[in-house]
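See below for structure.cif, which holds mmCIF, C-alpha atoms.
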```cif
data_data
#
loop_
_atom_site.label_atom_id
_atom_site.label_comp_id
_atom_site.auth_asym_id
_atom_site.auth_seq_id
_atom_site.Cartn_x
_atom_site.Cartn_y
_atom_site.Cartn_z
CA MET A 7 -47.98 -0.56 26.51
CA SER A 8 -45.84 1.66 24.30
CA LYS A 9 -47.31 3.01 21.12
CA VAL A 10 -45.74 2.76 17.69
CA LYS A 11 -46.05 5.85 15.54
CA ILE A 12 -45.06 6.26 11.91
CA LYS A 13 -44.98 9.92 10.95
CA GLY A 14 -44.78 11.08 7.37
CA ASN A 15 -42.91 14.20 6.29
CA ALA A 16 -45.44 16.91 5.46
CA SER A 17 -43.18 18.44 2.81
CA GLY A 18 -42.56 15.25 0.87
CA THR A 19 -44.64 12.79 -1.10
CA GLY A 20 -42.30 9.82 -1.13
CA VAL A 21 -43.39 6.50 0.38
CA LEU A 22 -41.45 4.73 3.15
CA THR A 23 -41.87 0.97 2.78
CA ILE A 24 -40.97 -1.50 5.54
CA GLU A 25 -40.98 -5.00 4.16
CA ALA A 26 -40.97 -8.16 6.28
CA PRO A 27 -38.17 -10.71 5.61
CA ASN A 28 -38.93 -13.87 3.68
CA THR A 29 -38.98 -16.14 6.74
CA ASN A 30 -41.43 -17.71 9.18
CA THR A 31 -39.23 -16.66 12.11
CA ASP A 32 -40.15 -13.48 13.97
CA ARG A 33 -37.69 -10.61 13.65
CA THR A 34 -37.31 -7.79 16.20
CA ILE A 35 -35.85 -4.31 15.77
CA THR A 36 -34.96 -2.72 19.12
CA LEU A 37 -34.39 1.02 19.21
CA PRO A 38 -32.17 2.70 21.82
CA ASP A 39 -33.89 4.41 24.72
CA GLY A 40 -33.12 7.91 23.57
CA THR A 41 -33.97 10.57 21.06
CA GLY A 42 -31.89 11.06 17.94
CA GLU A 43 -31.43 9.99 14.38
CA LEU A 44 -29.76 6.59 14.00
CA ILE A 45 -28.76 7.17 10.38
CA GLN A 46 -27.96 10.69 9.28
CA ALA A 47 -26.84 12.31 6.06
CA ASP A 48 -25.44 15.79 5.61
CA ALA A 49 -25.81 18.14 2.67
CA SER A 50 -22.92 16.45 0.86
CA GLY A 51 -24.51 13.03 1.17
CA ASP A 52 -22.05 11.73 3.77
CA VAL A 53 -23.76 9.17 5.98
CA GLY A 54 -23.23 8.65 9.69
CA ILE A 55 -24.42 5.65 11.70
CA GLY A 56 -24.85 6.61 15.34
CA THR A 57 -25.62 9.82 17.20
CA ASP A 58 -22.78 11.91 15.71
CA ALA A 59 -23.18 14.24 12.78
CA PRO A 60 -21.89 12.58 9.58
CA THR A 61 -18.46 14.23 9.49
CA SER A 62 -17.08 11.19 7.68
CA LYS A 63 -18.09 8.82 4.94
CA LEU A 64 -18.85 6.19 7.56
CA SER A 65 -18.98 6.60 11.33
CA LEU A 66 -19.81 3.65 13.60
CA SER A 67 -20.54 4.83 17.11
CA GLY A 68 -21.56 2.77 20.11
CA ALA A 69 -22.98 3.55 23.52
CA GLY A 70 -19.46 4.04 24.88
CA THR A 71 -16.65 6.20 23.62
CA GLN A 72 -15.12 3.67 21.20
CA ARG A 73 -15.90 4.15 17.56
CA ILE A 74 -14.48 3.58 14.13
CA ASP A 75 -14.47 6.39 11.61
CA ILE A 76 -13.60 6.06 7.95
CA SER A 77 -12.94 9.45 6.46
CA ASN A 78 -11.25 11.40 3.71
CA THR A 79 -10.79 14.40 5.99
CA THR A 80 -9.33 15.08 9.43
CA LEU A 81 -11.97 14.27 12.04
CA SER A 82 -12.83 16.54 14.94
CA ASP A 83 -14.99 14.32 17.19
CA THR A 84 -13.93 13.80 20.79
CA GLY A 85 -13.72 10.53 22.68
CA GLU A 86 -11.61 7.40 22.32
CA MET A 87 -11.58 6.28 18.71
CA VAL A 88 -9.74 4.58 15.92
CA SER A 89 -9.58 6.63 12.77
CA LEU A 90 -9.05 5.22 9.29
CA GLN A 91 -8.42 8.06 6.88
CA TRP A 92 -7.21 8.74 3.40
CA ASP A 93 -6.30 12.07 1.84
CA THR A 94 -6.49 13.46 -1.67
CA ASN A 95 -3.18 11.75 -2.52
CA ALA A 96 -4.66 8.35 -1.55
CA ASP A 97 -2.32 8.20 1.48
CA PHE A 98 -3.93 5.96 4.12
CA THR A 99 -3.60 6.56 7.87
CA ILE A 100 -4.52 4.38 10.87
CA GLN A 101 -4.54 6.47 14.01
CA GLY A 102 -5.85 6.41 17.58
CA ARG A 103 -7.03 9.49 19.47
CA ASP A 104 -8.47 10.46 22.83
CA SER A 105 -10.50 13.43 23.96
CA THR A 106 -7.79 15.03 26.09
CA ALA A 107 -4.68 14.69 23.94
CA GLY A 108 -6.10 14.74 20.44
CA PHE A 109 -4.52 12.34 18.00
CA LYS A 110 -2.24 9.88 19.71
CA ALA A 111 1.47 10.01 18.94
CA ASN A 112 1.62 6.45 17.62
CA TRP A 113 0.13 5.93 14.20
CA TYR A 114 0.74 4.27 10.87
CA ARG A 115 0.51 5.78 7.44
CA ILE A 116 0.81 4.10 4.07
CA GLU A 117 2.23 6.56 1.56
CA ALA A 118 0.81 6.18 -1.92
CA SER A 119 1.83 9.42 -3.62
CA SER A 120 4.93 11.60 -3.51
CA THR A 121 3.06 14.79 -4.28
CA ASP A 122 3.61 15.89 -0.67
CA GLY A 123 7.39 15.59 -1.06
CA LEU A 124 7.77 12.18 0.58
CA ALA A 125 8.71 8.88 -1.02
CA ASP A 126 6.14 6.51 -2.49
CA ASN A 127 5.32 3.07 -1.12
CA HIS A 128 6.47 3.40 2.45
CA ILE A 129 5.02 3.21 5.94
CA TRP A 130 5.51 5.86 8.60
CA TYR A 131 5.24 5.23 12.33
CA THR A 132 5.04 7.33 15.53
CA GLY A 133 3.81 10.48 13.92
CA THR A 134 6.97 11.44 12.03
CA SER A 135 7.78 11.52 8.35
CA ALA A 136 10.68 9.10 8.83
CA GLU A 137 10.35 6.06 6.62
CA ARG A 138 10.01 2.80 8.57
CA MET A 139 9.26 0.27 5.83
CA ARG A 140 9.02 0.27 2.04
CA ILE A 141 7.52 -2.30 -0.32
CA ASP A 142 8.43 -1.55 -3.91
CA SER A 143 6.60 -2.57 -7.07
CA ASP A 144 8.72 -5.74 -7.34
CA GLY A 145 7.80 -6.84 -3.80
CA ALA A 146 11.20 -6.04 -2.26
CA VAL A 147 10.85 -4.95 1.38
CA THR A 148 13.33 -2.59 3.05
CA MET A 149 13.30 -1.38 6.67
CA PRO A 150 15.74 1.50 7.22
CA ASN A 151 15.67 1.17 11.02
CA GLN A 152 16.02 -2.61 11.17
CA PRO A 153 19.04 -3.22 13.44
CA ALA A 154 22.07 -3.82 11.21
CA PHE A 155 25.68 -2.70 11.50
CA ASN A 156 29.10 -3.17 9.93
CA VAL A 157 32.31 -1.82 11.47
CA LYS A 158 36.02 -2.10 10.64
CA ASN A 159 38.76 -2.40 13.23
CA ALA A 160 41.81 -0.24 13.92
CA SER A 161 45.37 -1.59 13.93
CA GLN A 162 46.66 -2.85 17.30
CA ASN A 163 50.33 -3.80 17.59
CA ASN A 164 52.02 -6.26 19.95
CA ILE A 165 48.91 -7.55 21.66
CA ALA A 166 49.29 -8.62 25.29
CA VAL A 167 49.72 -12.28 26.25
CA ASP A 168 47.56 -14.28 28.68
CA THR A 169 44.79 -11.66 28.79
CA GLU A 170 41.73 -10.82 26.76
CA VAL A 171 42.43 -7.95 24.37
CA THR A 172 39.33 -6.20 23.04
CA ILE A 173 39.53 -5.65 19.30
CA HIS A 174 38.89 -2.01 18.40
CA TYR A 175 36.14 -2.16 15.79
CA ASN A 176 35.68 1.59 15.65
CA SER A 177 34.99 2.64 12.06
CA GLU A 178 31.35 2.28 11.02
CA THR A 179 30.44 1.43 7.45
CA PHE A 180 26.78 1.62 8.49
CA ASP A 181 24.71 1.41 11.66
CA ASN A 182 21.02 1.53 10.76
CA ASN A 183 19.53 1.93 14.21
CA SER A 184 22.53 3.48 16.05
CA ASP A 185 22.97 0.34 18.17
CA TYR A 186 26.77 0.13 17.89
CA SER A 187 29.20 2.14 20.05
CA THR A 188 32.52 2.87 18.35
CA GLY A 189 33.90 4.10 21.69
CA ALA A 190 33.08 0.90 23.56
CA TYR A 191 33.51 -1.37 20.46
CA THR A 192 30.17 -2.91 21.44
CA PHE A 193 26.83 -3.75 19.83
CA THR A 194 23.77 -3.49 22.07
CA ALA A 195 20.62 -5.37 21.04
CA PRO A 196 17.66 -2.95 20.96
CA VAL A 197 15.05 -5.74 21.07
CA THR A 198 14.95 -9.42 22.02
CA GLY A 199 15.53 -11.67 19.04
CA LYS A 200 17.94 -13.76 16.99
CA TYR A 201 20.91 -11.84 15.59
CA GLN A 202 23.30 -12.93 12.86
CA LEU A 203 26.78 -11.86 14.01
CA ASN A 204 29.94 -12.10 11.90
CA VAL A 205 33.58 -11.49 12.84
CA SER A 206 36.67 -11.41 10.64
CA THR A 207 40.22 -10.73 11.92
CA TYR A 208 43.61 -10.50 10.23
CA PHE A 209 46.87 -10.93 12.20
CA ASN A 210 50.56 -10.45 11.49
CA SER A 211 53.53 -12.12 13.19
CA ILE A 212 51.90 -15.25 14.56
CA ASP A 213 54.17 -16.76 17.24
CA THR A 214 54.69 -20.53 16.96
CA SER A 215 55.59 -20.65 20.64
CA ALA A 216 52.11 -19.49 21.65
CA GLY A 217 49.95 -22.14 23.27
CA PHE A 218 46.94 -21.02 21.19
CA TYR A 219 45.18 -18.00 19.75
CA GLN A 220 41.50 -17.82 20.62
CA LEU A 221 39.09 -15.39 18.96
CA ARG A 222 36.07 -14.81 21.21
CA LEU A 223 32.76 -13.21 20.27
CA LYS A 224 31.40 -12.37 23.71
CA THR A 225 27.66 -11.85 24.16
CA SER A 226 25.69 -11.43 27.36
CA ASN A 227 24.28 -14.95 27.05
CA ARG A 228 27.41 -16.87 25.95
CA ASP A 229 30.77 -16.75 24.16
CA TYR A 230 31.44 -18.05 20.65
CA LEU A 231 35.00 -19.21 19.91
CA ALA A 232 37.49 -19.84 17.11
CA ILE A 233 40.85 -21.30 18.12
CA VAL A 234 44.17 -22.23 16.53
CA ASP A 235 47.26 -23.96 17.95
CA PRO A 236 50.12 -22.44 15.91
CA ASN A 237 52.47 -25.46 15.83
CA PHE A 238 54.04 -24.39 12.57
CA THR A 239 57.67 -24.81 11.52
CA SER A 240 58.22 -21.04 11.80
CA ASP A 241 56.34 -17.88 12.73
CA LEU A 242 53.58 -16.98 10.26
CA SER A 243 53.49 -13.58 8.59
CA TYR A 244 49.70 -13.66 8.12
CA TRP A 245 46.73 -15.41 9.72
CA SER A 246 42.96 -14.93 9.71
CA GLN A 247 40.25 -16.12 12.10
CA ASN A 248 36.48 -15.83 11.61
CA ILE A 249 33.26 -16.43 13.51
CA SER A 250 29.73 -16.52 12.11
CA VAL A 251 26.81 -17.37 14.39
CA LEU A 252 23.07 -16.88 14.83
CA ALA A 253 22.99 -15.64 18.43
CA ASP A 254 20.05 -15.24 20.79
CA MET A 255 20.08 -11.84 22.47
CA ASP A 256 17.73 -10.11 24.86
CA ALA A 257 16.98 -6.40 24.68
CA GLY A 258 19.97 -4.62 26.23
CA ASP A 259 22.38 -7.54 25.74
CA THR A 260 25.79 -6.66 24.35
CA ALA A 261 28.29 -8.23 21.95
CA TYR A 262 31.96 -7.45 21.42
CA VAL A 263 35.12 -9.26 20.24
CA VAL A 264 38.38 -10.14 22.01
CA ILE A 265 41.55 -12.03 21.12
CA TYR A 266 43.37 -14.20 23.65
CA GLN A 267 46.96 -15.40 23.16
CA SER A 268 48.13 -18.09 25.56
CA VAL A 269 51.87 -17.74 26.46
CA GLY A 270 54.50 -16.98 23.81
CA SER A 271 56.01 -13.66 22.78
CA VAL A 272 54.36 -10.24 22.68
CA GLN A 273 54.72 -9.72 18.92
CA THR A 274 51.40 -10.31 17.17
CA ASP A 275 49.65 -7.38 15.47
CA ILE A 276 45.99 -6.93 14.53
CA GLN A 277 45.69 -5.38 11.07
CA ASN A 278 42.97 -2.81 10.24
CA VAL A 279 41.23 -4.91 7.60
CA GLY A 280 38.89 -6.98 9.78
CA TYR A 281 35.18 -6.37 10.33
CA PHE A 282 32.39 -7.01 12.82
CA SER A 283 28.84 -7.05 11.47
CA GLY A 284 25.37 -8.12 12.53
CA TYR A 285 21.65 -7.74 11.95
CA LEU A 286 18.34 -8.74 13.50
CA VAL A 287 16.97 -11.85 11.80
CA CYS A 288 13.76 -12.46 13.71
#
```
Now that the file is in, can you turn its structure into structure tokens?
Amino acid sequence: MSKVKIKGNASGTGVLTIEAPNTNTDRTITLPDGTGELIQADASGDVGIGTDAPTSKLSLSGAGTQRIDISNTTLSDTGEMVSLQWDTNADFTIQGRDSTAGFKANWYRIEASSTDGLADNHIWYTGTSAERMRIDSDGAVTMPNQPAFNVKNASQNNIAVDTEVTIHYNSETFDNNSDYSTGAYTFTAPVTGKYQLNVSTYFNSIDTSAGFYQLRLKTSNRDYLAIVDPNFTSDLSYWSQNISVLADMDAGDTAYVVIYQSVGSVQTDIQNVGYFSGYLVC
């Protein structure tokens, strides 16, 4: 049968007291089958739980390579781990690391102070100093890379009849995540989700002899339409058509806008005051 030995420190006079819990139920403490200090403290008073030296304020280490470290310094231990750290500016970082590659590329940091030259109250991601999300003191949340775009169209004169004519939305007002192509006049969804898409067009010289004018917002999943039958007493000088829809799009799906005139004369112009906009809702 194993022996139990309690050894006092010859250089100290303090008393170590082990007190039984206030219960009638037996309690068991099982030690690991190995040699080493379970709880360690360094000269600065930092405490480590496990077999590692206390390089952090709190280090929880298991038999495997996973561990959680909470630190106010950059850690140097090897092995798979999750590191929760804060620096002298109170900036907080959540980061994974492995023994072969060091800190992993993907990490999150909550910026608390601008003393390092970066903006307050924002979250970084993927190991760069690019701002990904900001929550200001009023609770307003902004996400600079959230997919959102707004583009204006160029003028197109005498549009063809009985064929789809792509409207040239080619002048960006903004394009947060670079998802819109001004050359192809096309938005490409970067992620699967629901997108609010809006189209506005402005035409000159509407032909009353046309069978109809159909504005089509074409997405990979389906088309969305606005139509008019121009049975007016005379040709119109001005006409607008609009589409606004919450569209489901998969990652890689596209969206663009066409106009279709059925029969009539080739005389209608698209003026350069329309817009095509959209953003990821959820």
- Task: Please write the residues picked by the PyMOL selection byres ((chain A and resi 212) around 10) on this file as a PyMOL selection string.
- Result: chain A and resi 209-211+213-216+219+236+238+240-245+267+270-275
- Query: Using all atoms listed in the file, which of A:Val287, A:Arg222, A:Met7, A:Val171 sits nearest A:Val197?
  - Reply: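 Among A:Val287, A:Arg222, A:Met7, A:Val171, it is A:Val287 that comes nearest to A:Val197.
Counting only C-alpha atoms, the residue from A:Lys11, A:Asn156, A:Arg138, A:Ser143 that sits nearest to A:Gln202 is A:Asn156.
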- Task: Find the residues near stretch 176-189 of chain A: any atom within 9 Å, counting only C-alpha atoms, skip ones fewer than 3 places away on the same chain, and give them as JSON, numbers by chain.
- Result: {"A": [150, 151, 152, 153, 154, 155, 156, 157, 158, 159, 160, 173, 192, 193, 194, 195, 196]}
- Message: Just to confirm, what's the straight-line distance from atom CA of A:Ala253 to atom CA of A:Tyr266 in Å (one decimal)?
- Response: 21.1 Å
- Query: Separation of atom CA of A:Thr260 and atom CA of A:Leu231, in Å?
  - Reply: 16.2 Å
- Task: Would you mind reading off the distance between atom CA of A:Gln277 and atom CA of A:Ile265, one decimal, in Å?
- Result: 12.7 Å
- Message: Which residues are close to A:Lys200, i.e. within 10 Å by only C-alpha atoms, leaving aside same-chain residues fewer than 5 positions away? Reply as a PyMOL selection string.
- Response: chain A and resi 195+251-256+285-288
- A:Val269, A:Leu221, A:Met149, A:Val264: which is nearest A:Asn248, counting all atoms listed in the file?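 When distances to A:Asn248 are compared using all atoms listed in the file, the smallest one comes from A:Leu221.
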